[in-house]
Every structure is written in C-alpha cells, then in structure tokens.
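One file, target_10.cif, is given below (mmCIF, C-alpha atoms and all ligand atoms).
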data_entry
loop_
_atom_site.label_atom_id
_atom_site.label_comp_id
_atom_site.auth_asym_id
_atom_site.auth_seq_id
_atom_site.Cartn_x
_atom_site.Cartn_y
_atom_site.Cartn_z
CA MET A 20 -6.77 -11.72 -17.94
CA THR A 21 -3.19 -11.28 -19.12
CA ARG A 22 -0.65 -11.33 -16.36
CA SER A 23 3.03 -10.57 -16.19
CA PHE A 24 3.72 -13.66 -14.07
CA LYS A 25 3.16 -17.40 -14.35
CA THR A 26 0.82 -19.28 -12.04
CA LEU A 27 0.15 -22.91 -11.16
CA ASP A 28 -1.92 -23.01 -14.37
CA ASN A 29 1.32 -22.68 -16.39
CA MET A 30 3.26 -25.47 -14.65
CA GLY A 31 2.22 -28.29 -16.96
CA ASP A 32 2.64 -31.89 -15.80
CA ILE A 33 4.27 -31.83 -12.39
CA ALA A 34 3.72 -35.44 -11.37
CA GLY A 35 6.85 -36.67 -9.60
CA LYS A 36 8.53 -33.25 -9.82
CA ARG A 37 10.06 -31.71 -6.70
CA VAL A 38 8.40 -28.33 -6.16
CA LEU A 39 9.91 -25.85 -3.68
CA VAL A 40 7.07 -23.72 -2.33
CA ARG A 41 7.85 -20.52 -0.39
CA GLU A 42 5.05 -19.98 2.11
CA ASP A 43 4.56 -17.68 5.09
CA LEU A 44 4.33 -20.04 8.07
CA ASN A 45 5.45 -17.42 10.58
CA VAL A 46 2.55 -17.92 13.00
CA PRO A 47 2.37 -16.94 16.67
CA MET A 48 2.77 -19.93 19.01
CA ALA A 49 2.38 -20.44 22.76
CA ASP A 50 3.07 -23.71 24.61
CA GLY A 51 3.46 -25.61 21.36
CA GLU A 52 0.06 -24.47 20.06
CA VAL A 53 -0.58 -22.12 17.16
CA THR A 54 -2.55 -19.19 18.57
CA ASP A 55 -3.60 -17.73 15.19
CA ASP A 56 -3.60 -20.05 12.17
CA THR A 57 -4.67 -17.45 9.56
CA ARG A 58 -1.36 -17.72 7.70
CA LEU A 59 -1.43 -21.53 7.72
CA ARG A 60 -4.96 -21.63 6.31
CA ALA A 61 -3.93 -19.28 3.52
CA THR A 62 -1.38 -21.85 2.26
CA VAL A 63 -3.90 -24.68 1.84
CA PRO A 64 -5.09 -24.04 -1.75
CA THR A 65 -1.57 -24.03 -3.22
CA VAL A 66 -0.19 -26.91 -1.16
CA THR A 67 -3.16 -29.23 -1.71
CA GLU A 68 -3.36 -28.44 -5.42
CA LEU A 69 0.32 -29.23 -5.97
CA ALA A 70 0.08 -32.44 -3.93
CA ASP A 71 -3.09 -33.50 -5.75
CA ARG A 72 -1.31 -32.97 -9.06
CA GLY A 73 1.35 -35.43 -7.91
CA ALA A 74 4.18 -33.07 -7.04
CA ILE A 75 6.65 -33.76 -4.24
CA VAL A 76 5.91 -30.65 -2.21
CA VAL A 77 8.77 -29.13 -0.19
CA LEU A 78 7.75 -26.05 1.81
CA LEU A 79 10.27 -23.28 2.46
CA ALA A 80 9.57 -20.76 5.20
CA HIS A 81 11.17 -18.69 7.90
CA PHE A 82 10.09 -18.77 11.51
CA GLY A 83 10.92 -15.92 13.88
CA ARG A 84 14.24 -14.11 13.72
CA PRO A 85 17.05 -16.58 14.38
CA LYS A 86 19.51 -14.31 12.47
CA GLY A 87 21.45 -17.13 10.87
CA VAL A 88 21.83 -19.16 14.06
CA ARG A 89 20.23 -22.57 14.65
CA GLN A 90 17.79 -22.28 17.58
CA PRO A 91 15.71 -25.29 18.65
CA GLU A 92 12.80 -23.11 19.81
CA LEU A 93 12.57 -21.65 16.29
CA SER A 94 12.73 -24.98 14.46
CA LEU A 95 9.93 -25.54 11.94
CA ALA A 96 9.77 -29.08 13.37
CA LEU A 97 7.47 -27.48 15.96
CA LEU A 98 4.97 -26.69 13.24
CA THR A 99 4.81 -30.12 11.63
CA ARG A 100 2.07 -31.50 13.90
CA PRO A 101 -0.25 -28.44 13.86
CA TYR A 102 0.18 -28.15 10.09
CA THR A 103 -0.60 -31.85 9.62
CA VAL A 104 -3.81 -31.41 11.64
CA LEU A 105 -4.80 -28.30 9.69
CA LEU A 106 -4.17 -29.84 6.26
CA GLY A 107 -5.63 -33.20 7.19
CA ARG A 108 -2.67 -34.79 5.41
CA GLU A 109 0.64 -36.14 6.58
CA VAL A 110 3.40 -33.55 6.61
CA ARG A 111 6.99 -34.51 7.35
CA PHE A 112 9.79 -32.39 8.72
CA ILE A 113 12.96 -32.22 6.61
CA ASP A 114 16.16 -31.24 8.42
CA ASP A 115 18.79 -29.27 6.49
CA GLN A 116 21.32 -32.05 6.98
CA GLY A 117 20.66 -34.75 4.40
CA ALA A 118 17.62 -32.92 3.00
CA ALA A 119 18.26 -34.09 -0.56
CA ASP A 120 18.34 -37.75 0.55
CA VAL A 121 15.08 -37.40 2.49
CA ILE A 122 13.36 -35.68 -0.44
CA ALA A 123 14.60 -38.47 -2.75
CA THR A 124 12.56 -40.95 -0.67
CA MET A 125 9.34 -38.89 -0.93
CA GLU A 126 6.48 -40.13 -3.10
CA PRO A 127 4.42 -37.99 -5.49
CA GLY A 128 1.76 -36.14 -3.48
CA GLN A 129 3.79 -36.10 -0.27
CA ILE A 130 4.41 -32.88 1.63
CA GLY A 131 7.42 -31.85 3.69
CA ILE A 132 8.56 -28.71 5.54
CA LEU A 133 12.23 -27.83 5.26
CA GLU A 134 13.95 -26.40 8.35
CA ASN A 135 13.68 -22.64 9.05
CA THR A 136 15.33 -20.89 6.09
CA ARG A 137 16.75 -18.21 8.40
CA PHE A 138 18.97 -20.71 10.25
CA ASP A 139 21.26 -20.23 7.24
CA PRO A 140 23.06 -16.86 7.42
CA GLY A 141 23.00 -16.81 3.59
CA GLU A 142 19.18 -16.64 3.45
CA GLU A 143 18.78 -12.97 4.33
CA LYS A 144 21.95 -12.08 2.37
CA ASN A 145 20.52 -13.84 -0.69
CA ALA A 146 23.90 -15.60 -0.92
CA THR A 147 24.63 -17.56 -4.10
CA GLN A 148 25.70 -20.57 -2.04
CA THR A 149 22.35 -20.64 -0.24
CA VAL A 150 20.37 -20.19 -3.42
CA GLU A 151 22.29 -23.09 -4.98
CA ARG A 152 21.86 -25.31 -1.90
CA LEU A 153 18.08 -24.77 -2.00
CA ALA A 154 17.82 -24.99 -5.80
CA ALA A 155 19.48 -28.43 -5.68
CA LEU A 156 16.49 -29.66 -3.65
CA GLY A 157 13.84 -28.89 -6.29
CA ASP A 158 12.95 -28.86 -9.96
CA LEU A 159 10.46 -25.99 -9.84
CA TYR A 160 9.85 -22.99 -7.57
CA VAL A 161 6.54 -21.54 -6.40
CA ASN A 162 6.39 -18.30 -4.41
CA ASP A 163 3.14 -18.07 -2.47
CA ALA A 164 4.34 -15.64 0.22
CA PHE A 165 3.42 -12.09 -0.81
CA SER A 166 3.95 -11.04 2.81
CA ALA A 167 7.67 -11.87 2.48
CA ALA A 168 8.04 -10.47 -1.05
CA HIS A 169 9.42 -7.10 0.09
CA ARG A 170 12.60 -8.92 1.12
CA ALA A 171 15.20 -10.03 -1.44
CA HIS A 172 16.17 -13.24 0.35
CA ALA A 173 17.38 -16.53 -1.10
CA SER A 174 14.02 -18.25 -0.63
CA THR A 175 11.91 -15.24 -1.65
CA GLU A 176 13.90 -13.86 -4.58
CA GLY A 177 17.12 -15.71 -5.38
CA LEU A 178 15.44 -19.00 -6.25
CA ALA A 179 13.23 -17.36 -8.90
CA HIS A 180 16.37 -16.68 -10.96
CA VAL A 181 17.66 -20.25 -11.01
CA LEU A 182 14.51 -22.41 -11.18
CA PRO A 183 11.37 -22.07 -13.31
CA ALA A 184 9.28 -19.78 -11.08
CA PHE A 185 5.52 -19.51 -10.55
CA ALA A 186 3.16 -17.56 -8.30
CA GLY A 187 1.11 -19.67 -5.88
CA ARG A 188 -2.67 -19.19 -5.55
CA GLN A 189 -2.33 -16.86 -2.58
CA MET A 190 0.29 -14.71 -4.34
CA GLU A 191 -1.83 -14.70 -7.48
CA ALA A 192 -4.94 -13.49 -5.60
CA GLU A 193 -2.97 -10.78 -3.82
CA LEU A 194 -1.30 -9.49 -7.00
CA ASP A 195 -4.60 -9.48 -8.88
CA ALA A 196 -6.34 -7.59 -6.08
CA LEU A 197 -3.56 -5.03 -5.76
CA ASP A 198 -3.52 -4.52 -9.51
CA LYS A 199 -7.26 -3.80 -9.49
CA ALA A 200 -6.83 -1.36 -6.61
CA LEU A 201 -3.85 0.73 -7.70
CA GLY A 202 -2.14 -0.80 -10.74
CA ASN A 203 -5.00 -0.57 -13.23
CA PRO A 204 -7.97 0.61 -11.18
CA GLU A 205 -11.34 1.82 -12.35
CA HIS A 206 -11.67 5.52 -11.55
CA PRO A 207 -12.64 7.41 -9.47
CA VAL A 208 -10.30 5.90 -6.90
CA ALA A 209 -10.46 6.79 -3.20
CA ALA A 210 -7.73 6.07 -0.68
CA VAL A 211 -8.27 6.11 3.06
CA VAL A 212 -5.07 6.66 5.00
CA GLY A 213 -5.30 6.70 8.77
CA GLY A 214 -3.32 5.53 11.73
CA ALA A 215 -1.23 7.18 14.33
CA LYS A 216 1.53 9.14 12.62
CA VAL A 217 2.31 10.91 9.36
CA SER A 218 5.98 10.00 9.75
CA THR A 219 5.32 6.27 9.25
CA LYS A 220 3.31 6.84 6.07
CA LEU A 221 4.97 9.75 4.27
CA ASP A 222 5.94 7.62 1.29
CA VAL A 223 2.43 6.19 1.10
CA LEU A 224 0.84 9.65 1.05
CA GLU A 225 3.30 10.99 -1.54
CA HIS A 226 2.65 8.03 -3.82
CA LEU A 227 -1.14 8.12 -3.43
CA VAL A 228 -1.67 11.81 -4.22
CA VAL A 229 -0.56 11.23 -7.80
CA LYS A 230 -2.55 7.99 -8.15
CA VAL A 231 -5.96 8.53 -6.59
CA ASP A 232 -8.82 10.98 -7.10
CA HIS A 233 -9.79 11.28 -3.42
CA LEU A 234 -7.41 11.05 -0.49
CA ILE A 235 -9.23 10.66 2.81
CA ILE A 236 -6.94 11.37 5.75
CA GLY A 237 -7.99 10.31 9.23
CA GLY A 238 -6.48 9.05 12.46
CA GLY A 239 -3.75 10.81 14.37
CA MET A 240 -2.08 11.82 11.12
CA ALA A 241 -5.04 14.03 10.19
CA ASN A 242 -4.10 16.22 13.17
CA THR A 243 -0.76 17.06 11.60
CA PHE A 244 -2.54 18.09 8.39
CA LEU A 245 -5.09 20.13 10.35
CA ALA A 246 -2.24 21.84 12.22
CA ALA A 247 -0.60 22.60 8.87
CA ARG A 248 -3.83 24.36 7.87
CA GLY A 249 -3.68 26.46 11.02
CA VAL A 250 -6.09 24.47 13.21
CA ASP A 251 -5.29 24.38 16.94
CA VAL A 252 -5.43 20.66 17.74
CA GLY A 253 -4.97 21.04 21.52
CA LYS A 254 -3.38 18.01 23.20
CA SER A 255 -3.96 15.73 20.18
CA LEU A 256 -1.31 13.40 18.89
CA CYS A 257 0.36 15.66 16.30
CA GLU A 258 3.78 15.81 14.67
CA HIS A 259 4.25 19.58 14.68
CA ASP A 260 7.71 19.25 13.09
CA LEU A 261 6.05 17.72 10.02
CA THR A 262 3.51 20.45 9.24
CA GLY A 263 5.77 21.67 6.41
CA THR A 264 5.80 18.18 4.92
CA ALA A 265 2.02 17.98 5.27
CA GLU A 266 1.69 21.28 3.40
CA ALA A 267 3.92 19.96 0.61
CA ILE A 268 1.71 16.86 0.31
CA LEU A 269 -1.41 19.05 0.12
CA ASP A 270 0.25 21.11 -2.64
CA ALA A 271 1.24 18.00 -4.56
CA ALA A 272 -2.32 16.70 -4.30
CA ASP A 273 -3.66 20.01 -5.60
CA LYS A 274 -1.33 19.90 -8.61
CA ALA A 275 -2.24 16.27 -9.34
CA GLY A 276 -5.99 16.93 -9.17
CA CYS A 277 -6.44 14.81 -6.07
CA THR A 278 -9.06 16.02 -3.59
CA VAL A 279 -7.86 15.71 0.01
CA HIS A 280 -10.55 15.16 2.64
CA LEU A 281 -9.74 16.19 6.20
CA PRO A 282 -12.29 15.90 9.01
CA TYR A 283 -14.28 19.07 9.75
CA ASP A 284 -15.93 17.71 12.86
CA VAL A 285 -14.15 15.51 15.38
CA VAL A 286 -14.70 13.47 18.54
CA VAL A 287 -12.59 14.78 21.42
CA ALA A 288 -11.89 14.01 25.08
CA LYS A 289 -9.67 15.33 27.85
CA GLU A 290 -8.47 11.87 28.86
CA PHE A 291 -7.75 8.84 26.71
CA ALA A 292 -10.06 6.21 28.21
CA ALA A 293 -13.11 4.18 27.24
CA ASN A 294 -16.28 6.31 27.19
CA PRO A 295 -14.71 9.21 29.11
CA GLN A 296 -16.81 11.83 30.95
CA SER A 297 -15.27 14.61 28.86
CA LEU A 298 -16.34 13.06 25.53
CA ARG A 299 -17.85 15.47 23.02
CA THR A 300 -18.13 16.15 19.31
CA CYS A 301 -17.15 19.52 17.91
CA ASN A 302 -15.98 21.43 14.86
CA VAL A 303 -12.20 21.17 14.28
CA HIS A 304 -11.91 24.88 15.09
CA GLU A 305 -13.43 24.38 18.57
CA VAL A 306 -10.95 21.91 20.09
CA ALA A 307 -9.91 23.18 23.54
CA ALA A 308 -6.28 23.37 24.62
CA ASP A 309 -6.72 20.44 27.02
CA GLU A 310 -8.61 18.17 24.56
CA MET A 311 -7.46 15.41 22.22
CA ILE A 312 -8.95 14.51 18.83
CA LEU A 313 -9.59 10.75 18.96
CA ASP A 314 -11.94 10.13 16.04
CA VAL A 315 -13.48 11.67 12.95
CA GLY A 316 -16.88 13.20 13.73
CA PRO A 317 -20.27 11.93 12.49
CA ALA A 318 -20.91 14.73 9.98
CA ALA A 319 -17.54 14.27 8.29
CA THR A 320 -18.02 10.49 8.32
CA GLU A 321 -21.33 10.88 6.48
CA ALA A 322 -19.70 13.14 3.90
CA LEU A 323 -16.94 10.54 3.42
CA ALA A 324 -19.57 7.86 2.84
CA ASP A 325 -21.00 10.09 0.08
CA VAL A 326 -17.52 10.33 -1.47
CA LEU A 327 -17.25 6.53 -1.53
CA LYS A 328 -20.64 6.32 -3.25
CA THR A 329 -19.17 8.23 -6.21
CA CYS A 330 -16.09 5.99 -6.44
CA ARG A 331 -15.41 2.69 -8.20
CA THR A 332 -12.28 1.70 -6.27
CA LEU A 333 -11.15 2.03 -2.66
CA VAL A 334 -7.80 1.28 -1.08
CA TRP A 335 -7.66 1.57 2.71
CA ASN A 336 -4.79 1.58 5.18
CA GLY A 337 -5.07 2.84 8.72
CA PRO A 338 -8.03 3.37 11.07
CA LEU A 339 -9.79 6.76 11.22
CA GLY A 340 -9.62 6.92 15.02
CA ALA A 341 -8.25 5.27 18.13
CA PHE A 342 -10.52 2.29 17.33
CA GLU A 343 -9.28 0.01 20.13
CA THR A 344 -11.01 2.24 22.70
CA PRO A 345 -14.80 2.81 22.50
CA PRO A 346 -16.42 4.92 21.19
CA PHE A 347 -13.44 6.04 19.07
CA ASP A 348 -14.07 3.22 16.60
CA ALA A 349 -17.33 4.80 15.39
CA ALA A 350 -16.05 6.54 12.23
CA THR A 351 -13.90 3.58 11.17
CA VAL A 352 -16.78 1.13 11.70
CA ALA A 353 -19.33 3.34 9.91
CA LEU A 354 -17.16 4.00 6.85
CA ALA A 355 -16.08 0.34 6.70
CA LYS A 356 -19.75 -0.68 6.69
CA THR A 357 -20.48 1.75 3.86
CA ALA A 358 -17.54 0.37 1.85
CA ALA A 359 -18.69 -3.20 2.51
CA ALA A 360 -22.27 -2.41 1.42
CA LEU A 361 -21.08 -0.71 -1.81
CA THR A 362 -18.83 -3.69 -2.52
CA LYS A 363 -21.77 -6.07 -2.05
CA GLU A 364 -23.88 -3.95 -4.40
CA GLY A 365 -21.09 -4.30 -6.94
CA THR A 366 -20.27 -0.60 -7.38
CA LEU A 367 -16.97 -0.60 -5.49
CA VAL A 368 -13.78 -2.66 -5.54
CA SER A 369 -12.43 -2.43 -1.98
CA VAL A 370 -8.94 -3.46 -0.95
CA ALA A 371 -7.57 -2.98 2.56
CA GLY A 372 -4.43 -3.91 4.44
CA GLY A 373 -2.32 -3.21 7.52
CA GLY A 374 -2.19 -4.90 10.92
CA ASP A 375 -4.51 -2.51 12.76
CA THR A 376 -6.70 -1.96 9.72
CA VAL A 377 -7.45 -5.68 9.47
CA ALA A 378 -8.22 -5.76 13.21
CA ALA A 379 -10.56 -2.76 12.79
CA LEU A 380 -12.38 -4.34 9.83
CA ASN A 381 -12.82 -7.54 11.83
CA GLN A 382 -14.14 -5.47 14.71
CA ALA A 383 -16.64 -3.89 12.30
CA GLY A 384 -17.57 -7.39 11.11
CA VAL A 385 -17.02 -6.53 7.43
CA ALA A 386 -13.62 -8.02 6.55
CA ASP A 387 -15.31 -10.76 4.50
CA ASP A 388 -17.37 -8.23 2.55
CA PHE A 389 -14.36 -6.31 1.23
CA SER A 390 -13.10 -7.39 -2.21
CA PHE A 391 -9.72 -8.22 -0.69
CA VAL A 392 -8.08 -7.82 2.69
CA SER A 393 -4.32 -8.18 2.73
CA THR A 394 -2.70 -9.59 5.85
CA ALA A 395 0.77 -8.77 4.52
CA GLY A 396 1.82 -5.90 6.82
CA GLY A 397 5.21 -4.63 5.60
CA ALA A 398 4.83 -5.84 2.02
CA PHE A 399 1.38 -4.23 1.70
CA LEU A 400 2.71 -0.86 2.90
CA GLU A 401 5.70 -1.00 0.54
CA TRP A 402 3.31 -1.74 -2.28
CA MET A 403 1.19 1.28 -1.24
CA GLU A 404 4.39 3.31 -1.39
CA GLY A 405 4.70 2.32 -5.04
CA LYS A 406 7.87 0.33 -4.44
CA GLU A 407 8.79 -2.66 -6.55
CA LEU A 408 8.78 -5.74 -4.32
CA PRO A 409 11.84 -7.88 -5.14
CA GLY A 410 10.00 -11.17 -4.64
CA VAL A 411 7.29 -10.08 -7.07
CA ALA A 412 9.72 -8.52 -9.57
CA ALA A 413 11.64 -11.80 -9.74
CA LEU A 414 8.42 -13.60 -10.71
CA THR A 415 7.50 -11.05 -13.39
CA ARG A 416 10.81 -10.86 -15.21
P1 LIG B 1 -1.99 -0.13 10.37
O1 LIG B 1 -1.41 -1.13 11.34
O2 LIG B 1 -3.33 -0.59 9.84
O3 LIG B 1 -1.04 0.27 9.28
P2 LIG B 1 -1.31 2.10 12.06
O4 LIG B 1 -0.42 1.21 12.87
O5 LIG B 1 -0.66 3.10 11.20
O6 LIG B 1 -2.34 1.21 11.20
O7 LIG B 1 -2.27 2.93 13.03
C1 LIG B 1 -3.09 2.34 13.99
C2 LIG B 1 -3.06 3.09 15.28
O8 LIG B 1 -3.40 4.46 15.13
C3 LIG B 1 -4.07 2.51 16.25
O9 LIG B 1 -3.39 2.02 17.37
C4 LIG B 1 -4.96 3.70 16.61
O10 LIG B 1 -5.35 3.72 17.97
C5 LIG B 1 -4.07 4.87 16.30
N1 LIG B 1 -4.85 6.09 16.11
C6 LIG B 1 -5.78 6.33 15.17
N2 LIG B 1 -6.32 7.55 15.32
C7 LIG B 1 -5.73 8.12 16.40
C8 LIG B 1 -5.86 9.38 17.05
N3 LIG B 1 -6.72 10.31 16.63
N4 LIG B 1 -5.07 9.60 18.13
C9 LIG B 1 -4.21 8.66 18.55
N5 LIG B 1 -4.04 7.46 17.97
C10 LIG B 1 -4.79 7.19 16.89
MG MG B 2 -0.07 -0.87 13.04
#

Rewrite the coordinates I just gave you, this time as structure tokens.
Ligand code: ADP
Ligand code: MG
Amino acid sequence: MTRSFKTLDNMGDIAGKRVLVREDLNVPMADGEVTDDTRLRATVPTVTELADRGAIVVLLAHFGRPKGVRQPELSLALLTRPYTVLLGREVRFIDDQGAADVIATMEPGQIGILENTRFDPGEEKNATQTVERLAALGDLYVNDAFSAAHRAHASTEGLAHVLPAFAGRQMEAELDALDKALGNPEHPVAAVVGGAKVSTKLDVLEHLVVKVDHLIIGGGMANTFLAARGVDVGKSLCEHDLTGTAEAILDAADKAGCTVHLPYDVVVAKEFAANPQSLRTCNVHEVAADEMILDVGPAATEALADVLKTCRTLVWNGPLGAFETPPFDAATVALAKTAAALTKEGTLVSVAGGGDTVAALNQAGVADDFSFVSTAGGAFLEWMEGKELPGVAALTR
C-alpha cells in the first residue's frame, strides 16, 4: 500500500540513535494507580519495537492541563512505575532540567519519559524555542499519538518540521483505518451519526452527506430532524432552533445523492429512568405530548440492519439511543451486532469512534469485532468533519 507518510519501516538503522516518540499517556489516575491503562497499552508496539532495534527511546507526552505551569501532581514521574510494570522493562523519568545530559548517559534500547510537555508554556503555542529545546534532545521524531494530532503543539506538530518524522505503529493503524473508512472507501458507504445533540455534530453531518451513500441518524439528534419534517416529538430532547439547519442538511444530502435514514418507529417513555412503567414503542407520528423518544424502534432497527447488509463500509459515531439506561440501548446493541457480524463475514469494513460510542460498543460486546475502533475523541470527530489534522499533515508533507 502506498502511503503519504513514513513509518517505522522507513527509519533504517536506528541503533544508538535518540528517538523522540510522542505518545498519548494521558491516563486517568487515582491514588497513584492508573484506573484505565488502554492508552498505555496502545503505546507498547511502537516503544518496544524502537527499543528492540537499539534506539534510545525518549517519550514525549502531556498529562492533564497544567497550562504551562509546573505542578507536582501532574508530573509524568508519577507514571514511571506503572509504565515500567506494564512494559515489563525499565523506564526512567527524565526531568526537563539537564535532560540532554541524562539522555547522553542512556544505552541503546533504554526507555525514558520526559517531563510533562505542557509544563512549558511554549508547548501549546508551538513556540520555536520549545521546538528547538525538544529537537536538541533527539535525532529522529516519531508521532504515535493520533489522539493529540488535532492540536498544533510543539511536540505534536512543530517537531515534525525540524527532525526526520515518522508515524508510529498506532498512528499508522489509525490513519490506515480512517483512510479505508472515508478517505478511499469501498462503496456503498454508510455512516451512523447519533448522540445527544445536532449542535455538537453539525460539521460532521455536513461533511458526511457529500461523502457517504447512506446517512443513518439516530439518538437525540434524530428528534431535531424529525421535528424539521413536521413530527411532534413531545418532550424529547430536541433543538427546535436548529430545525432550519436540519432541513438544509437534508437538502444537501438529497442533492449529493445521499439517502438519509430517520427512525419511523421509536421507543418512548414519560420519565427518563431504567425500565420505566410508561415504556412503549410507537410510530414517530404517535408520540404523546408528555413522552420522550429515547431509542430507535425495533422495526426501524431491522431496516437499518438491511441497509448495512448492502454496504461495504461503515463509519459510526454516536449511540442510537440513551444507551446508558436500559432498555434504551437495544437499537445501538442490535445494529452494532449486525455490523460486527458483517465485518466477521468479510463484507463490511467497520470503523467507529467517540467516547460514548466506544462505551456502547463495549457494552454490546462487539468492539473487538469491528475493523477498527478509535479511542481518539476530539481528533476522531475533527477527522469526521473532514478537517486536516495538523499533527497528521506535518507527517505527510
Ligand atoms: P460520542 O461520545 O460517541 O461522540 P455523544 O457524546 O455525541 O457520543 O452522545 C452520547 C449521548 O447521547 C449519550 O449520553 C446518550 O445517552 C445520549 N443520547 C442518545 N440518544 C438520546 C435520546 N434519544 N435522548 C437523550 N439522549 C440521548
Ligand atoms: Mg460523548
């Protein structure tokens, strides 16, 4: 496959070379323990490969939001022990002061974590001084943090202009998956866009209608589209001030030859609670004034599964219902299972992302059966909006 960026395969002999590796180590911690190590595990392939090839591996990462001020509780020194345990290799902490001298004592194959990049006010400003300070610590630069690539910071973008720059294994996998889903996908392409509000995903919807063949709209945002089509959505979450925008999106889809799928049956309740007394399923035109739409109905969900069966590619962001509260996860779980089964059969490439979407796919037990699940929240959404991510652009110059 021809790619517009270089990977670890293009680095040549790196034995004894100092490699600066931008990773996402921004994990949640409580009482000195990492409470979710997903992001740490994702760094292992790149870090171990570089170390095994004899590089002196210096990790760059931010941790929390110190806003350019040194804060002991946000020091990456706190992560050295958990990361050592996870890797099963010694990892040393490298303070900013005297970093070059410490790195000069490191042997090929050794791994170190440099102090929180955001302690330096120049990091988020992508200041030349900061880029030069970091560049002086390495010979080569690897960016493995897609999740930070929507920010043009010194460690995510600036360094790629002053050192030979390569995508890490994690970045490579993410870019390949995203390219298959929206860059150069096999058609027909379906997009599922759900979640709470239209207002948070306007740019996503506008970008997708000109890219995909089927746009499946669910979640709270479907209510705004239904309202735009004259449906009375009762007490449902609905952005009535955006019905004009929703109409414009429907028009744009029509012009672009994109079929928009809105639910025609829905699951409603009078109160938002688990398994409420007032739970019922009805046609979208039968929602009472005191009812809320909380999920896509079973008939519409079956029709959506049939749509996926005709498609070769699926990109999914946002749950179809209020999935955290049973039984309003039913449509999301059912459609996710269909997508997973089609992926296993080899007829569908399925790519999903978004904080709640990943949680919903885990809840459905199918995250591993999708072709790719992105854990990069903000960066994934900006990519779905069709924006150029500065960290990626700098690698593909
Ligand atoms: P993601 O994090 O995957 O991008 P969002 O944050 O946009 O997804 O949306 C997820 C939220 O949308 C969930 O909290 C879910 O409960 C909510 N939601 C989905 N459908 C509805 C609905 N019909 N009414 C109210 N909230 C909904
Ligand atoms: Mg969310």

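Nearest residue to Phe389 in chain A, choosing from A:Gly51, A:Gly87, A:Gly365, A:Gly107 and counting all atoms listed in the file: A:Gly365.
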
Could you give me the axis-aligned bounding box of range 223-235 of chain A, with 8 Å of padding per side, as centre plus edge lengths in Å to one decimal, as lines of an AutoDock Vina configuration file?
center_x = -3.2
center_y = 9.0
center_z = -2.7
size_x = 29.1
size_y = 21.6
size_z = 27.0

**OP:** Determine, counting all atoms listed in the file, which protein, DNA and RNA residues have an atom within 10 Å of an atom of Ala308 in chain A; residues of the same chain fewer than 5 positions away are not included. Present the result as a list in words.
**Re:**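 Within the cut-off, the hits are Asp251, Val252, Gly253, Lys254, Ser255 and Lys289 of chain A.
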
Subject >> Nearest candidate to Val392 in chain A (options A:Thr262, A:Thr26, A:Thr57, A:Thr376; using only C-alpha atoms) >> reply: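 Result for the nearest residue to Val392 in chain A: A:Thr376.
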
**OP:** Please check which protein, DNA or RNA residues sit within 6 Å of ligand LIG 1 (chain B), counting only C-alpha atoms and all ligand atoms, and write them as a PyMOL selection string.
**Re:** chain A and resi 214-215+238-239+256+312-314+336-343+373-376

Original post:
Near Gly141 in chain A, counting only C-alpha atoms, which residues have an atom at most 9 Å away, once you skip same-chain residues fewer than 3 positions from it, shown as JSON, numbers by chain?
Top reply: {"A": [87, 137, 138, 144, 145, 146, 147, 148, 149, 150, 172, 173]}

Subject >> Nearest to ligand MG 2 (chain B), chosen from A:Val377, A:Ala360, A:Val181, A:Leu153, with only C-alpha atoms and all ligand atoms counted in the distances >> reply: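 Nearest candidate to ligand MG 2 (chain B) out of A:Val377, A:Ala360, A:Val181, A:Leu153: A:Val377.
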
Subject >> Which residue of A:Ala118, A:Leu194, A:Cys301, A:Val212 approaches Ala395 in chain A most closely, using all atoms listed in the file >> reply: A:Leu194

Subject >> From A:Ala293, A:Val217, A:Leu380, A:Ala272, residue lying nearest His259 in chain A [only C-alpha atoms] >> reply: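 Checking each candidate against His259 in chain A, we get A:Val217 as the closest.
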
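Remark: for ligand MG 2 (chain B), the closest of the candidate residues A:Thr264, A:Thr278, A:Thr219, A:Thr320 is A:Thr219 (distances computed over only C-alpha atoms and all ligand atoms).
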
**OP:** Skip Val76 in chain A itself and residues of its chain fewer than 5 positions away, then list as a PyMOL selection string all residues within 12 Å of it, counting only C-alpha atoms.
**Re:** chain A and resi 33-42+65-71+109-113+122-123+125-133+156-161

Original post:
Neighbours of Ser369 in chain A within 9 Å (all atoms listed in the file; same-chain residues fewer than 2 positions away dropped), as a list in words?
Top reply: Ala196, Ala200, Arg331, Thr332, Leu333, Val334, Trp335, Ala358, Ala359, Leu361, Thr362, Leu367, Ala371, Asp388, Phe389, Ser390, Phe391 and Val392 of chain A
